[in-house]
Each structure stands twice: as C-alpha cells, then as structure tokens.
>>> print(open('start.pdb').read())   # PDB, C-alpha atoms
ATOM      1  CA  MET J   1     -62.151  24.906-105.541
ATOM      2  CA  ALA J   2     -64.162  23.432-108.406
ATOM      3  CA  PRO J   3     -67.969  23.445-108.734
ATOM      4  CA  ILE J   4     -69.774  20.267-107.684
ATOM      5  CA  GLY J   5     -72.806  21.076-109.822
ATOM      6  CA  ILE J   6     -74.579  23.600-112.045
ATOM      7  CA  VAL J   7     -77.988  25.185-111.523
ATOM      8  CA  GLN J   8     -80.646  24.957-114.235
ATOM      9  CA  SER J   9     -83.027  27.737-113.257
ATOM     10  CA  CYS J  10     -86.223  29.377-114.490
ATOM     11  CA  PHE J  11     -84.320  32.691-114.323
ATOM     12  CA  SER J  12     -82.571  32.973-117.673
ATOM     13  CA  THR J  13     -80.722  36.232-116.917
ATOM     14  CA  ARG J  14     -79.502  38.202-113.904
ATOM     15  CA  ASN J  15     -82.189  40.827-114.350
ATOM     16  CA  GLY J  16     -85.357  39.564-112.692
ATOM     17  CA  THR J  17     -83.648  36.991-110.498
ATOM     18  CA  PRO J  18     -84.911  37.720-106.945
ATOM     19  CA  ARG J  19     -82.555  39.635-104.667
ATOM     20  CA  GLN J  20     -83.221  37.226-101.812
ATOM     21  CA  PRO J  21     -84.365  33.592-101.495
ATOM     22  CA  LEU J  22     -87.951  32.414-100.924
ATOM     23  CA  LEU J  23     -89.469  35.727-102.110
ATOM     24  CA  VAL J  24     -90.825  33.941-105.194
ATOM     25  CA  PRO J  25     -92.129  30.540-104.014
ATOM     26  CA  LEU J  26     -92.796  29.354-107.591
ATOM     27  CA  ALA J  27     -89.196  30.019-108.670
ATOM     28  CA  ARG J  28     -87.845  26.562-109.584
ATOM     29  CA  ALA J  29     -84.445  25.131-110.358
ATOM     30  CA  CYS J  30     -82.709  21.822-110.849
ATOM     31  CA  LEU J  31     -79.216  21.469-109.375
ATOM     32  CA  VAL J  32     -77.377  18.906-111.495
ATOM     33  CA  PHE J  33     -74.306  17.482-109.770
ATOM     34  CA  ASP J  34     -71.127  16.457-111.569
ATOM     35  CA  SER J  35     -71.314  12.682-111.129
ATOM     36  CA  THR J  36     -67.533  12.385-111.556
ATOM     37  CA  ARG J  37     -67.065  14.493-108.416
ATOM     38  CA  VAL J  38     -70.292  13.813-106.514
ATOM     39  CA  PRO J  39     -71.643  10.235-106.516
ATOM     40  CA  PRO J  40     -75.448  10.029-106.181
ATOM     41  CA  ALA J  41     -74.971   8.350-102.788
ATOM     42  CA  SER J  42     -73.760  11.740-101.503
ATOM     43  CA  LEU J  43     -77.343  12.969-101.644
ATOM     44  CA  GLU J  44     -78.904  10.136 -99.651
ATOM     45  CA  GLY J  45     -80.894  11.510 -96.725
ATOM     46  CA  LEU J  46     -81.138  15.068 -98.065
ATOM     47  CA  GLU J  47     -84.761  14.518 -99.107
ATOM     48  CA  GLU J  48     -85.690  14.291 -95.414
ATOM     49  CA  TYR J  49     -84.967  18.012 -94.961
ATOM     50  CA  SER J  50     -87.378  20.737 -96.074
ATOM     51  CA  HIS J  51     -84.674  23.277 -96.968
ATOM     52  CA  CYS J  52     -80.963  23.458 -97.683
ATOM     53  CA  TRP J  53     -78.200  26.049 -97.822
ATOM     54  CA  ILE J  54     -76.410  26.524-101.134
ATOM     55  CA  ILE J  55     -72.934  28.037-101.486
ATOM     56  CA  TYR J  56     -72.280  29.243-105.008
ATOM     57  CA  VAL J  57     -70.279  31.585-107.257
ATOM     58  CA  PHE J  58     -71.535  34.893-108.668
ATOM     59  CA  HIS J  59     -70.298  33.834-112.092
ATOM     60  CA  LEU J  60     -72.031  36.624-114.036
ATOM     61  CA  ASN J  61     -70.504  39.537-112.116
ATOM     62  CA  THR J  62     -69.179  42.076-114.584
ATOM     63  CA  ASP J  63     -66.121  42.863-112.456
ATOM     64  CA  LEU J  64     -64.751  39.349-111.949
ATOM     65  CA  GLU J  65     -61.536  39.962-113.924
ATOM     66  CA  LYS J  66     -60.663  42.933-111.720
ATOM     67  CA  LEU J  67     -60.730  40.763-108.595
ATOM     68  CA  TRP J  68     -57.776  38.667-109.723
ATOM     69  CA  LYS J  69     -55.499  41.666-110.091
ATOM     70  CA  HIS J  70     -53.164  42.977-107.390
ATOM     71  CA  PRO J  71     -55.183  44.838-104.701
ATOM     72  CA  SER J  72     -53.598  48.113-105.782
ATOM     73  CA  LYS J  73     -55.038  47.635-109.290
ATOM     74  CA  SER J  74     -58.308  45.835-108.599
ATOM     75  CA  LYS J  75     -60.259  49.064-107.950
ATOM     76  CA  PHE J  76     -62.413  47.136-105.515
ATOM     77  CA  LYS J  77     -65.282  49.300-104.217
ATOM     78  CA  ALA J  78     -65.581  49.205-100.439
ATOM     79  CA  LYS J  79     -69.104  50.666-100.583
ATOM     80  CA  VAL J  80     -71.995  49.563-102.767
ATOM     81  CA  ARG J  81     -75.398  50.981-103.625
ATOM     82  CA  VAL J  82     -78.270  49.484-101.629
ATOM     83  CA  PRO J  83     -81.670  49.150-103.393
ATOM     84  CA  ARG J  84     -83.639  49.568-100.169
ATOM     85  CA  LEU J  85     -81.788  52.833 -99.488
ATOM     86  CA  LYS J  86     -82.655  54.199-102.958
ATOM     87  CA  GLY J  87     -79.044  53.913-104.002
ATOM     88  CA  GLY J  88     -77.497  55.049-100.727
ATOM     89  CA  ARG J  89     -74.094  53.459-100.136
ATOM     90  CA  LEU J  90     -73.004  51.094 -97.362
ATOM     91  CA  GLY J  91     -69.934  49.000 -96.707
ATOM     92  CA  VAL J  92     -70.116  45.871 -98.841
ATOM     93  CA  PHE J  93     -69.977  43.569 -95.792
ATOM     94  CA  ALA J  94     -73.108  45.250 -94.379
ATOM     95  CA  THR J  95     -74.995  44.161 -97.524
ATOM     96  CA  ARG J  96     -75.678  41.076 -99.610
ATOM     97  CA  SER J  97     -74.353  42.643-102.787
ATOM     98  CA  PRO J  98     -72.921  40.123-105.289
ATOM     99  CA  HIS J  99     -69.966  42.454-105.878
ATOM    100  CA  ARG J 100     -67.592  41.240-103.170
ATOM    101  CA  PRO J 101     -63.835  40.653-102.849
ATOM    102  CA  CYS J 102     -64.561  36.923-103.106
ATOM    103  CA  PRO J 103     -67.661  36.505-105.321
ATOM    104  CA  ILE J 104     -69.274  33.766-103.225
ATOM    105  CA  GLY J 105     -73.005  33.643-102.528
ATOM    106  CA  LEU J 106     -75.051  31.957 -99.810
ATOM    107  CA  THR J 107     -78.735  31.175-100.245
ATOM    108  CA  VAL J 108     -81.435  28.872 -98.940
ATOM    109  CA  ALA J 109     -84.015  26.962-100.980
ATOM    110  CA  LYS J 110     -86.854  24.499-100.477
ATOM    111  CA  VAL J 111     -85.963  20.882-101.207
ATOM    112  CA  GLU J 112     -88.644  19.429-103.474
ATOM    113  CA  ALA J 113     -87.039  16.108-104.404
ATOM    114  CA  VAL J 114     -83.785  14.234-104.973
ATOM    115  CA  GLN J 115     -83.504  12.212-108.168
ATOM    116  CA  GLY J 116     -80.208  10.461-108.893
ATOM    117  CA  ASN J 117     -77.602  13.209-109.313
ATOM    118  CA  MET J 118     -80.215  15.987-109.335
ATOM    119  CA  LEU J 119     -81.707  18.129-106.590
ATOM    120  CA  LEU J 120     -85.045  19.788-107.356
ATOM    121  CA  LEU J 121     -85.508  23.147-105.618
ATOM    122  CA  SER J 122     -88.063  25.934-105.291
ATOM    123  CA  GLY J 123     -88.028  29.471-103.917
ATOM    124  CA  VAL J 124     -84.624  30.016-105.538
ATOM    125  CA  ASP J 125     -82.806  33.270-106.250
ATOM    126  CA  LEU J 126     -80.241  31.657-108.560
ATOM    127  CA  VAL J 127     -79.691  32.487-112.221
ATOM    128  CA  ASP J 128     -79.402  29.723-114.797
ATOM    129  CA  GLY J 129     -75.868  28.334-115.059
ATOM    130  CA  THR J 130     -74.801  29.196-111.502
ATOM    131  CA  PRO J 131     -71.829  27.047-110.327
ATOM    132  CA  VAL J 132     -72.415  25.498-106.903
ATOM    133  CA  LEU J 133     -69.576  24.818-104.447
ATOM    134  CA  ASP J 134     -71.455  23.078-101.631
ATOM    135  CA  ILE J 135     -74.865  22.384-100.089
ATOM    136  CA  LYS J 136     -75.767  21.833 -96.457
ATOM    137  CA  PRO J 137     -79.091  20.974 -94.787
ATOM    138  CA  TYR J 138     -80.976  23.806 -93.100
ATOM    139  CA  LEU J 139     -81.235  23.179 -89.339
ATOM    140  CA  PRO J 140     -83.935  25.307 -87.642
ATOM    141  CA  TYR J 141     -82.622  24.721 -84.108
ATOM    142  CA  CYS J 142     -79.340  26.498 -84.847
ATOM    143  CA  ASP J 143     -79.852  28.337 -88.169
ATOM    144  CA  SER J 144     -82.919  30.301 -87.041
ATOM    145  CA  ILE J 145     -81.733  32.890 -84.508
ATOM    146  CA  GLU J 146     -84.407  34.140 -82.150
ATOM    147  CA  GLY J 147     -84.064  37.835 -81.333
ATOM    148  CA  ALA J 148     -81.690  38.588 -84.226
ATOM    149  CA  VAL J 149     -81.365  42.333 -84.836
ATOM    150  CA  VAL J 150     -81.103  44.086 -88.213
ATOM    151  CA  PRO J 151     -81.002  47.782 -89.206
ATOM    152  CA  ASN J 152     -84.358  49.499 -89.686
ATOM    153  CA  TRP J 153     -83.848  49.912 -93.436
ATOM    154  CA  VAL J 154     -83.742  46.138 -93.888
ATOM    155  CA  MET J 155     -87.314  45.871 -92.576
ATOM    156  CA  LEU J 156     -88.757  48.360 -95.095
ATOM    157  CA  ASP J 157     -90.341  45.848 -97.469
ATOM    158  CA  SER J 158     -92.449  48.594 -99.056
ATOM    159  CA  MET J 159     -89.296  50.101-100.545
ATOM    160  CA  LEU J 160     -89.066  47.277-103.095
ATOM    161  CA  SER J 161     -92.655  46.035-103.355
ATOM    162  CA  VAL J 162     -94.979  47.256-106.098
ATOM    163  CA  ALA J 163     -98.559  48.452-105.726
ATOM    164  CA  SER J 164    -100.142  45.994-108.147
ATOM    165  CA  VAL J 165     -99.407  43.590-111.009
ATOM    166  CA  GLY J 166    -101.858  43.422-113.891
ATOM    167  CA  PHE J 167    -101.952  41.880-117.355
ATOM    168  CA  SER J 168    -103.007  43.418-120.657
ATOM    169  CA  ASN J 169    -105.912  42.086-122.732
ATOM    170  CA  ASP J 170    -103.438  40.645-125.232
ATOM    171  CA  PHE J 171    -101.257  38.875-122.687
ATOM    172  CA  SER J 172    -103.161  35.601-122.401
ATOM    173  CA  SER J 173    -103.224  35.018-126.152
ATOM    174  CA  SER J 174     -99.504  35.761-126.524
ATOM    175  CA  LEU J 175     -98.726  33.411-123.613
ATOM    176  CA  LEU J 176    -100.748  30.606-125.189
ATOM    177  CA  ASP J 177     -98.858  31.085-128.456
ATOM    178  CA  CYS J 178     -95.521  30.785-126.631
ATOM    179  CA  TRP J 179     -96.702  27.837-124.559
ATOM    180  CA  LYS J 180     -97.039  25.710-127.688
ATOM    181  CA  SER J 181     -93.267  26.056-128.206
ATOM    182  CA  VAL J 182     -92.053  25.705-124.608
ATOM    183  CA  GLU J 183     -94.523  23.291-123.020
ATOM    184  CA  LYS J 184     -92.311  20.216-123.348
ATOM    185  CA  LYS J 185     -89.227  21.938-121.935
ATOM    186  CA  SER J 186     -90.781  24.237-119.342
ATOM    187  CA  LEU J 187     -90.417  23.832-115.591
ATOM    188  CA  TYR J 188     -94.118  24.621-115.319
ATOM    189  CA  SER J 189     -97.200  22.542-116.000
ATOM    190  CA  SER J 190     -99.540  25.142-117.502
ATOM    191  CA  PRO J 191     -99.762  28.735-118.795
ATOM    192  CA  ASP J 192    -101.674  29.684-115.652
ATOM    193  CA  GLU J 193     -98.805  28.497-113.466
ATOM    194  CA  LEU J 194     -96.357  30.537-115.548
ATOM    195  CA  LYS J 195     -98.603  33.569-115.184
ATOM    196  CA  SER J 196     -98.552  33.111-111.402
ATOM    197  CA  LEU J 197     -94.740  32.948-111.506
ATOM    198  CA  VAL J 198     -94.605  36.227-113.446
ATOM    199  CA  LYS J 199     -96.922  37.879-110.936
ATOM    200  CA  GLN J 200     -94.813  36.690-107.999
ATOM    201  CA  ALA J 201     -91.565  37.812-109.632
ATOM    202  CA  LEU J 202     -92.898  41.271-110.526
ATOM    203  CA  SER J 203     -94.502  41.806-107.107
ATOM    204  CA  TRP J 204     -91.047  43.135-106.225
ATOM    205  CA  ASP J 205     -89.480  46.015-108.144
ATOM    206  CA  ILE J 206     -86.701  44.207-110.025
ATOM    207  CA  ARG J 207     -85.352  47.333-111.710
ATOM    208  CA  SER J 208     -81.855  48.565-110.922
ATOM    209  CA  VAL J 209     -81.275  51.542-108.639
ATOM    210  CA  SER J 210     -80.504  53.801-111.613
ATOM    211  CA  GLN J 211     -83.642  52.666-113.454
ATOM    212  CA  ARG J 212     -85.840  53.450-110.449
ATOM    213  CA  ASN J 213     -84.181  56.771-109.627
ATOM    214  CA  ARG J 214     -83.942  58.181-113.155
ATOM    215  CA  PRO J 215     -86.525  56.490-115.405
ATOM    216  CA  HIS J 216     -87.669  59.718-117.049
ATOM    217  CA  ASN J 217     -84.142  60.923-117.741
ATOM    218  CA  ASN J 218     -83.704  57.953-120.043
ATOM    219  CA  LEU J 219     -86.889  58.865-121.897
ATOM    220  CA  LEU J 220     -85.714  62.430-122.434
ATOM    221  CA  LYS J 221     -82.451  61.159-123.888
ATOM    222  CA  ILE J 222     -84.271  58.746-126.198
ATOM    223  CA  GLY J 223     -86.601  61.479-127.401
ATOM    224  CA  SER J 224     -83.749  63.896-128.094
ATOM    225  CA  GLY J 225     -82.724  62.017-131.236
ATOM    226  CA  ASP J 226     -79.292  61.176-129.795
ATOM    227  CA  ALA J 227     -80.005  57.479-129.435
ATOM    228  CA  SER J 228     -76.570  56.464-130.642
ATOM    229  CA  ASP J 229     -74.849  58.596-128.021
ATOM    230  CA  ASN J 230     -77.115  57.481-125.224
ATOM    231  CA  ALA J 231     -77.466  53.781-125.942
ATOM    232  CA  SER J 232     -75.511  52.973-122.799
ATOM    233  CA  ASP J 233     -78.247  54.540-120.675
ATOM    234  CA  LEU J 234     -80.516  51.580-121.428
ATOM    235  CA  ASP J 235     -79.593  48.056-120.433
ATOM    236  CA  ASP J 236     -80.824  44.769-121.875
ATOM    237  CA  SER J 237     -83.870  44.783-119.593
ATOM    238  CA  GLN J 238     -85.150  48.157-120.773
ATOM    239  CA  ASP J 239     -86.477  49.660-124.023
ATOM    240  CA  GLY J 240     -87.524  53.119-125.075
ATOM    241  CA  GLU J 241     -90.625  53.414-127.223
ATOM    242  CA  ALA J 242     -91.788  56.160-129.539
ATOM    243  CA  SER J 243     -94.948  56.428-127.455
ATOM    244  CA  GLY J 244     -92.883  57.922-124.638
ATOM    245  CA  GLU J 245     -93.010  55.034-122.196
ATOM    246  CA  LEU J 246     -90.326  52.728-120.906
ATOM    247  CA  ILE J 247     -90.754  49.027-121.507
ATOM    248  CA  TYR J 248     -88.869  46.605-119.278
ATOM    249  CA  HIS J 249     -88.181  42.928-119.852
ATOM    250  CA  LEU J 250     -88.263  39.886-117.594
ATOM    251  CA  ILE J 251     -86.754  36.702-119.042
ATOM    252  CA  LEU J 252     -88.300  33.616-117.427
ATOM    253  CA  ASP J 253     -88.186  29.990-118.500
ATOM    254  CA  GLY J 254     -86.853  31.001-121.929
ATOM    255  CA  MET J 255     -89.608  33.581-122.543
ATOM    256  CA  ASP J 256     -89.390  37.367-122.727
ATOM    257  CA  PHE J 257     -92.145  39.115-120.744
ATOM    258  CA  SER J 258     -92.413  42.850-121.494
ATOM    259  CA  TYR J 259     -93.947  45.157-118.910
ATOM    260  CA  LYS J 260     -94.189  48.765-117.830
ATOM    261  CA  ILE J 261     -94.478  50.351-114.390
ATOM    262  CA  ASP J 262     -96.010  53.729-113.630
ATOM    263  CA  GLY J 263     -94.965  56.315-111.063
ATOM    264  CA  ASN J 264     -97.297  54.812-108.465
ATOM    265  CA  GLY J 265     -95.750  51.355-108.671
ATOM    266  CA  ASN J 266     -98.467  49.697-110.762
ATOM    267  CA  VAL J 267     -97.045  47.041-113.096
ATOM    268  CA  MET J 268     -98.731  46.131-116.385
ATOM    269  CA  VAL J 269     -97.439  43.039-118.198
ATOM    270  CA  LYS J 270     -98.030  43.672-121.884
ATOM    271  CA  GLU J 271     -97.060  40.547-123.817
ATOM    272  CA  VAL J 272     -94.647  37.642-124.050
ATOM    273  CA  HIS J 273     -92.586  36.050-126.802
ATOM    274  CA  ILE J 274     -89.887  33.423-127.058
ATOM    275  CA  SER J 275     -86.523  34.878-126.075
ATOM    276  CA  SER J 276     -84.110  34.767-129.004
ATOM    277  CA  ALA J 277     -81.117  34.743-126.651
ATOM    278  CA  ILE J 278     -82.129  31.634-124.686
ATOM    279  CA  SER J 279     -81.981  28.030-125.846
ATOM    280  CA  PHE J 280     -82.680  24.706-124.141
ATOM    281  CA  GLY J 281     -80.547  21.635-124.653
ATOM    282  CA  ASN J 282     -81.872  18.088-124.577
ATOM    283  CA  GLU J 283     -80.336  17.485-121.156
ATOM    284  CA  LYS J 284     -82.145  20.419-119.632
ATOM    285  CA  ARG J 285     -85.385  19.368-121.299
ATOM    286  CA  CYS J 286     -85.153  15.905-119.703
ATOM    287  CA  ASN J 287     -84.458  17.395-116.281
ATOM    288  CA  PHE J 288     -87.454  19.716-116.545
ATOM    289  CA  LEU J 289     -89.717  16.831-117.522
ATOM    290  CA  MET J 290     -88.574  14.986-114.388
ATOM    291  CA  TRP J 291     -89.541  18.103-112.427
ATOM    292  CA  LYS J 292     -93.083  17.908-113.741
ATOM    293  CA  ASP J 293     -93.339  14.182-113.018
ATOM    294  CA  GLU J 294     -92.186  14.780-109.442
ATOM    295  CA  LEU J 295     -94.789  17.472-108.860
ATOM    296  CA  LYS J 296     -97.726  15.347-110.079
TER     297      LYS J 296
END
>>> encode(input="start.pdb", output="structure tokens")
Amino acid sequence: MAPIGIVQSCFSTRNGTPRQPLLVPLARACLVFDSTRVPPASLEGLEEYSHCWIIYVFHLNTDLEKLWKHPSKSKFKAKVRVPRLKGGRLGVFATRSPHRPCPIGLTVAKVEAVQGNMLLLSGVDLVDGTPVLDIKPYLPYCDSIEGAVVPNWVMLDSMLSVASVGFSNDFSSSLLDCWKSVEKKSLYSSPDELKSLVKQALSWDIRSVSQRNRPHNNLLKIGSGDASDNASDLDDSQDGEASGELIYHLILDGMDFSYKIDGNGNVMVKEVHISSAISFGNEKRCNFLMWKDELK
C-alpha cells in the first residue's frame, strides 16, 4: 500500500503528541492528499460529517526495521509497557501501543473543513509527517457502541492527568517574541490561542513511563559528574540543570516550550523559543494560512 496523503500537524515531534484522539481539542492538522492518487472529487460530501476515522502508519517507530526481518530475528515484543499501569506490561493487542507487528494506527478527528485536496482537522493525535492510508466517515449509529466494556485500568484518567498547569512570569514575553517569527506560518491566530493549546496538551502527563517512574534517578546521575556515561538516560524531551531540577520540552507548532513538573503533578511552563530542529516550507505555510481563513 502507498500513502494517499501526509499530515501537517501542530505536533512537531512524537513527544507531546497526545496518546489518544480528542484529548486536546485545539490540536490542529491539515491532511494534504496526493492529487495524483486522490482527485479532489474523492472528498466531496466529507464536509457533511462532523468526524472521520483515519488509518495511518506509525512512521517514526524506532523498531520499524526489525519488523521486516524473519519472525525468528525480529525480536518482536509480545508485551508492552502501559502508561496507565505505571509501566506494567500487557499483551500488545490489549493496548493501543504504536509498537505492533504491523505499525498501523487508527484514530478519529473532527472535520473542520475540506478545501481542494486538503482536509482540515482538529482534536488530532498525529505527529507531523504522518503517512495516511485511508479515511472513512465516523457513523455514530454503528461506531458508538452502547454498553461497551473496558478493563478498570482504562477508566483511571487520574493516572495520566496532572494537578495543574501554570506559566512563569517570563513566559508571556518569550511567547510574544516567538510569535513575531511564527505568526504567518502558525496554525493559530494569536499567542493566547497557542497558550491555550499548551495548557491543553500539558493537562496530561506526556512523559514516558521511565521518566515518570525514575525522574530523580536521572538527576542523581547528572549530578555525579558522569554525564558522558549517562547521556542515554535523558531523551530529547528532557534536560538536566545545574539547579537540580529536570526540565522537559514540548515542541508545538515549531516552538520549543520548556516546563517542569513537581512530585505532586503541578506543571510550570517556564519559557518558549523557536525550535532549531523544525522548519516550515512554503507549502505548509500556505496550508496553515488557509486554516486561519477557514476559522474566521
């Protein structure tokens, strides 16, 4: 199979992309279809639905190459760590882990508008650059199952929610400085709207299982002076500071938001700057401007 389109999302990296759809209502994306494979007429009528299903590829999985090997050499893990179980393991098919024998994802999103070969979406949990295989309209009469049963651990929302999200005194000024550079290419219409997006995204604990279970271990290793030997203990979303606190990073809409979280689940967003690893092409800039026009 070949992708029919590519997602242009506010989530620039895997870290920070919601684990499930519709958790962050302000999360926006533009699905741009390959016009050589999907004529614009294929989308006629889709705007009459409020939501749609999206079938896509987990293209940023770190174990993709292993999947193409012979089963005896793929080292496929039958059980995966579950965030809501604090890292407890379950069979992969009892979870929505992206690390699957066939790295295919299924999500639902709100349909905002259809413009030519583009589909404007919100409430997404898709990282920028995601290849899409198919979309289908969401049908409440058969897709919403009354009386559906799930394990108790699935219902424990408090396991991944945070106590509060606050912003430092310096945050607003740093956001305004960044806004001057990203305003014309942002999916959002104002700094205040971006701030609301950050608050929604960080209302859920986006850290990995290892980061949540062993945050202070990483600090001890950093403070030991063996930074070169322990560099692998910190990922791209996490810094160690001389002050003895861990700083995490959320990359949204091409900006790097740094924050910390205390032992009681209180998040403090410290500042924001333009992400050096993210760039916007002219095509994406045009699509984002269409987004803003549609929302006016």
>>> residues_around(input="start.pdb", residues="range 256-260 of chain J", least_positions_apart="6", cutoff="10 Å", atoms="all atoms listed in the file", output="VMD selection string")
chain J and resid 12 165 to 168 171 174 to 175 178 198 202 237 to 239 245 to 250 266 to 278
>>> atom_distance(input="start.pdb", atom1="CA of Ser9 in chain J", atom2="CA of Val209 in chain J")
24.3 Å
>>> atom_distance(input="start.pdb", atom1="CA of Ser35 in chain J", atom2="CA of Ile4 in chain J")
8.5 Å
>>> residues_around(input="start.pdb", residues="Asp128 in chain J", least_positions_apart="2", cutoff="8 Å", atoms="all atoms listed in the file", output="list in words")
Val7, Gln8, Ser9, Cys10, Phe11, Ser12, Thr13, Leu126 and Thr130 of chain J
>>> residues_near_point(input="start.pdb", point="(-86.5, 41.8, -96.3)", cutoff="8 Å", atoms="all atoms listed in the file", output="list in words")
Gln20, Val154, Met155, Leu156 and Asp157 of chain J
>>> closest_residue(input="start.pdb", among="J:Ala78, J:Ile145, J:Ala109, J:Val124", to="Ser97 in chain J", atoms="only C-alpha atoms")
J:Ala78
>>> resolve_selection(input="start.pdb", expression="the PyMOL selection byres ((chain J and resi 197) around 9)", output="JSON, numbers by chain")
{"J": [24, 25, 26, 27, 192, 193, 194, 195, 196, 198, 199, 200, 201, 202, 252]}
>>> closest_residue(input="start.pdb", among="J:Gly16, J:Pro103, J:Pro71, J:Pro40", to="Phe58 in chain J", atoms="all atoms listed in the file")
J:Pro103
>>> axis_aligned_box(input="start.pdb", around="range 199-202 of chain J", padding_each_side="4 Å", output="JSON")
{"center_x": -94.2, "center_y": 39.0, "center_z": -109.5, "size_x": 13.4, "size_y": 12.6, "size_z": 10.9}
>>> atom_distance(input="start.pdb", atom1="CA of Ile54 in chain J", atom2="CA of Ser189 in chain J")
25.9 Å
>>> resolve_selection(input="start.pdb", expression="the PyMOL selection byres ((chain J and resi 91) around 10)", output="PyMOL selection string")
chain J and resi 77-82+89-90+92-95+97
>>> closest_residue(input="start.pdb", among="J:Ser74, J:Ile251, J:Leu160, J:Pro131", to="Trp204 in chain J", atoms="all atoms listed in the file")
J:Leu160
>>> resolve_selection(input="start.pdb", expression="the PyMOL selection byres ((chain J and resi 263) around 12)", output="short mmCIF file (atom, residue, chain, number, x, y, z; two decimals) with C-alpha atoms, keeping the file's coordinate frame")
data_model
loop_
_atom_site.label_atom_id
_atom_site.label_comp_id
_atom_site.auth_asym_id
_atom_site.auth_seq_id
_atom_site.Cartn_x
_atom_site.Cartn_y
_atom_site.Cartn_z
CA VAL J 162 -94.98 47.26 -106.10
CA ALA J 163 -98.56 48.45 -105.73
CA SER J 164 -100.14 45.99 -108.15
CA ARG J 212 -85.84 53.45 -110.45
CA ASN J 213 -84.18 56.77 -109.63
CA ARG J 214 -83.94 58.18 -113.16
CA PRO J 215 -86.52 56.49 -115.40
CA HIS J 216 -87.67 59.72 -117.05
CA GLU J 245 -93.01 55.03 -122.20
CA LEU J 246 -90.33 52.73 -120.91
CA LYS J 260 -94.19 48.76 -117.83
CA ILE J 261 -94.48 50.35 -114.39
CA ASP J 262 -96.01 53.73 -113.63
CA ASN J 264 -97.30 54.81 -108.46
CA GLY J 265 -95.75 51.36 -108.67
CA ASN J 266 -98.47 49.70 -110.76
CA VAL J 267 -97.04 47.04 -113.10
#
